[in-house]
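Written out below as structure tokens is the structure these notes cover.
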Amino acid sequence: MLRILALASAILFLLASGAEAQKSGGTLRMTHREDPGTISIHESGTFSVVVPFMGVFNNLVMFDPNKKQNSLASIIPDLATAWKWNDDGTKLTFTLRQGMTWHDGKPFTAKDVQCTWDLLGERGKERFRLNTRKGWYVNVESVSINGDYEATFNLKRPQPALITLIASGFTPVYPCHVSPAQMRQHPIGTGPFKFVEYVKNKWIKFVRNPSYWKPGRPYLDAIEYSIIPSRSTAILAFVSGQYDMFFPYELTVPLLADVKKQLPQAVCEITPQNVAANILMNPLPPFDNIEVRRAVANALDRKAFIEIMTHGKGAIGAAMLPGPEGRWGLPPEVLDELPGYSSDVAGRREKARAAMKAAGFGPDKPLKVKLPSRNLPTYRDASVILISQLKEIYIDAELDMVETANWLAKLVRRDYQMALSQVGNGVDDPDQNYPENYACGSRTYMDYCNKEIDALIEKQSRESDQQKRRLIAWEIDKKLTRDAVRPMLYYLPGVSCWRPEVKGLNIQINSIYNNWRMEDIWLDK
């Protein structure tokens, strides 16, 4: 009798709390903002690939999908069941799950882990066509294996936060028996969904993996993404009921009211993305002159970007995502003392004009530049605002739109003087952002190299005390800001909307690249 009463009480509690039992079946239909160009996560640098293809794979470890903020403390097992460091912090050993299979039925073993990091470290015979995350793992000297179910990362020096990089949606484990060329055509994973078809500029389709190792997952039978580059067309299709979910973060704050007016029942979240619009300046004349770069930084009215682009929902920060969502960003009182951040915009622009005149430019002799930018709405709109602000300091910029398929290659070639880009960090951690975007030989796209910065990057990376590490990270951020390296315009919030029938979605607040495996999503239809 007591058991019956307890069960009845539990049921009443669940009903009162609004808890619902997950339902299996159905196809999740989503819009996609653009043709991704590639379907290999390891060879891409864009969110457009991670969102649809993350569900094909597993990582060794992952960020807890039930927590909003990613951190070192929120990492949980995935393909690995456990991990441990040796005494001096130079060896990280993973114990792997047994009985796992790839989508083609081949067994998953430690050899697959070794092959994945040999590809990333360019140590094997095979090569990625574009190794966009090679810089993440420069401290990994090798991966050794002990039998089929143990893999050890051998490091050149201690790096306590390495595991945060391994947990990123950008770091799936690839199969050793499938070549990178094949993975670009038909990716094979261990994940909850199997790849079916990618038709350029039309759709990407996946079906449920019936042999997935997590009991009962995934709930969905299939996921279909329709590629609709026109945001207005995608909105009309979403509000008319053709799709269950709009491509995540792709709606802007100004568009949110319009969507809610047309579809009041839509569930929408405004979420920080850890993505910032920023200015790239190739260090060729005149941008080899630090005073010219600082003049550009001093010309910026960041609050104008935030008001126009986000209706006040964006954030001002430097190299690291500002708090409270970000864990490493500079405090506002520190930012205010750095070049380009004081609230006295008029005073800053006076200094900028004086610097530009000293460099040989002025109202009768403006600096004429082309401003390349990726052909996406958030890039285009921010570019227009930037061009108007640059006119205040005698820079006459002409907008040059570049399609996504050509964008990364253009930056890698340094085929620009000045460009408006967006930096999106796969992990909210200095070990990802600083080495990838600011260290000598990194992906700054502007050949910035400062040995003092490099020494500080390594120092913070070795540090196990997180508060001490934060202070070193702040010192790096201040130095980068003083050198006007990739001045950040504003941190973008993104709006994600879905129909109320979509359940189980938990949007992360400090990285857009995580928690898109879709294994916990279900449809209440």
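Chain labels A, B, ... are given in the sequence in which chains occur in the structure tokens; within each chain residues are numbered consecutively from 1, and ligands are likewise numbered from 1 in the order shown.
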**OP:** Please provide as a list in words all residues within 6 Å of Ser373 of chain A, with the sequence filter that same-chain residues fewer than 2 positions apart are discarded (counting only C-alpha atoms).
**Re:** Met401, Val402 and Leu420 of chain A
Print the selection's residues with N, CA, C and O atoms to a file, as a PDB file, in the first residue's frame.
ATOM      1  N   MET A 401      31.329  41.629 -51.002  1.00  0.00           N
ATOM      2  CA  MET A 401      30.728  40.431 -50.442  1.00  0.00           C
ATOM      3  C   MET A 401      31.371  39.176 -51.033  1.00  0.00           C
ATOM      4  O   MET A 401      31.609  39.089 -52.235  1.00  0.00           O
ATOM      5  N   VAL A 402      31.629  38.199 -50.164  1.00  0.00           N
ATOM      6  CA  VAL A 402      32.313  36.964 -50.552  1.00  0.00           C
ATOM      7  C   VAL A 402      31.460  35.776 -50.119  1.00  0.00           C
ATOM      8  O   VAL A 402      31.009  35.715 -48.972  1.00  0.00           O
ATOM      9  N   LEU A 420      35.883  42.641 -42.567  1.00  0.00           N
ATOM     10  CA  LEU A 420      35.009  42.407 -41.421  1.00  0.00           C
ATOM     11  C   LEU A 420      34.718  40.916 -41.354  1.00  0.00           C
ATOM     12  O   LEU A 420      34.234  40.319 -42.310  1.00  0.00           O
TER      13      LEU A 420
END
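Residues with any atom within 10 Å of Ile41 of chain A, counting only C-alpha atoms and excluding same-chain neighbours fewer than 2 positions away, are A:Thr38, A:Ile39, A:Glu43, A:Ser44, A:Gly45, A:Thr46, A:Phe47, A:Ser48, A:Val49, A:Val50, A:Val51, A:Pro52, A:Phe53, A:Met54, A:Phe57, A:Thr132, A:Gly169, A:Phe170, A:Thr171, A:Pro172, A:Tyr174, A:Met183, A:Arg184, A:Pro187.
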Original post:
Counting only C-alpha atoms, which of A:Ala346, A:Leu28, A:Ala181, A:Leu335 gets nearest to Tyr225 of chain A?
Top reply: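 Of A:Ala346, A:Leu28, A:Ala181, A:Leu335, the one nearest Tyr225 of chain A, counting only C-alpha atoms, is A:Leu28.
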Subject >> Selected residue of minimal separation from Leu321 of chain A among A:Asp477, A:Asp483, A:Asp221, A:Asp148, counting only C-alpha atoms >> reply: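 Closest candidate: A:Asp477.
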**OP:** Check the DSSP output for the backbone and give back, as a PyMOL selection string, the residues of segment 305-388 of chain A in strand (DSSP E).
**Re:** chain A and resi 367-374
Original post:
Excluding same-chain residues fewer than 6 positions from segment 95-110 of chain A, what lies within 6 Å of it counting only C-alpha atoms, as a ChimeraX atom specification?
Top reply: /A:79-82,148-151,188-190
Subject >> Residue with smallest distance to Leu471 of chain A - pool A:Leu330, A:Ala439, A:Ala257, A:Leu263, counting only C-alpha atoms >> reply: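 So, comparing all the options, the nearest one is A:Leu330.
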